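Visitor: Structure below; questions to follow.
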Amino acid sequence: MVDYKYEDVENIEVKQDFEVYKHDDDGEIIETVIIKKGIKGVIESMDCSSVNNFVVSYDICFTQDDNEIDVSISEGRVEELLILS
């Protein structure tokens, strides 16, 4: 069983601007999106699979400029990028 460090976190806020990338079906980057400091989000799911070498990741939905942006962030980067409460 996998232990998720942040499974009880309810509120998320972006600590610093960071870039995420949208990919096409072939894995090519088709767009760069900047998630801005202060944006709020929620953890929608957690995952750990052999595809990413069993790194725990969190699927987070941010709302920015009336758009929902779904981002997957590895557990190791969560505290670097986000304020958790």
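Every chain in the structure tokens has a letter given in the order shown (A, B, ...), and although residue numbers restart at 1 in each chain, ligands are simply numbered from 1 in the order shown.
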Determine, counting only C-alpha atoms, which protein, DNA and RNA residues have an atom within 12 Å of an atom of Asn67 (chain A); residues of the same chain fewer than 4 positions away are not included. Present the result as a VMD selection string.
Guide: chain A and resid 33 35 39 to 41 61 to 63
Visitor: Would you mind writing down, as number ranges by chain, each residue of chain A that DSSP on the backbone assigns to helix (DSSP H, G or I)?
Guide: A: 50-52, 75-81
Visitor: Kindly export the residues of the current selection with C-alpha atoms, as a compact mmCIF listing (two decimals), in the first residue's frame.
Guide:
# COMPACT_ATOMS: atom_id res chain seq x y z
CA SER A 50 5.30 1.75 -12.79
CA VAL A 51 5.00 4.13 -15.78
CA ASN A 52 6.74 6.89 -13.81
CA GLU A 75 5.29 14.52 -4.33
CA GLY A 76 8.87 15.81 -4.23
CA ARG A 77 7.86 19.12 -5.84
CA VAL A 78 4.61 19.76 -3.96
CA GLU A 79 6.11 21.76 -1.06
CA GLU A 80 8.46 23.61 -3.43
CA LEU A 81 5.57 24.93 -5.55
Visitor: A:Asp70, A:Asp25, A:Asp59, A:Ser85: which is nearest Ser45 (chain A), counting only C-alpha atoms?
Guide: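 Closest residue, counting only C-alpha atoms: A:Asp59.
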Visitor: Work out how far apart CA of Tyr6 (chain A) and CA of Ile29 (chain A) are and give it in Å to one decimal.
Guide: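 About the pair CA of Tyr6 (chain A) and CA of Ile29 (chain A): they are 28.7 Å apart.
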Visitor: Distance CA of Lys15 (chain A)-CA of Ile69 (chain A), one decimal place?
Guide: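 For CA of Lys15 (chain A) relative to CA of Ile69 (chain A), the distance reads 16.4 Å.
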Visitor: Check chain A with DSSP on the backbone and list each residue it calls strand (DSSP E), as a PyMOL selection string.
Guide: chain A and resi 12-14+18-23+29-35+40-47+57-64+67-74+82-84
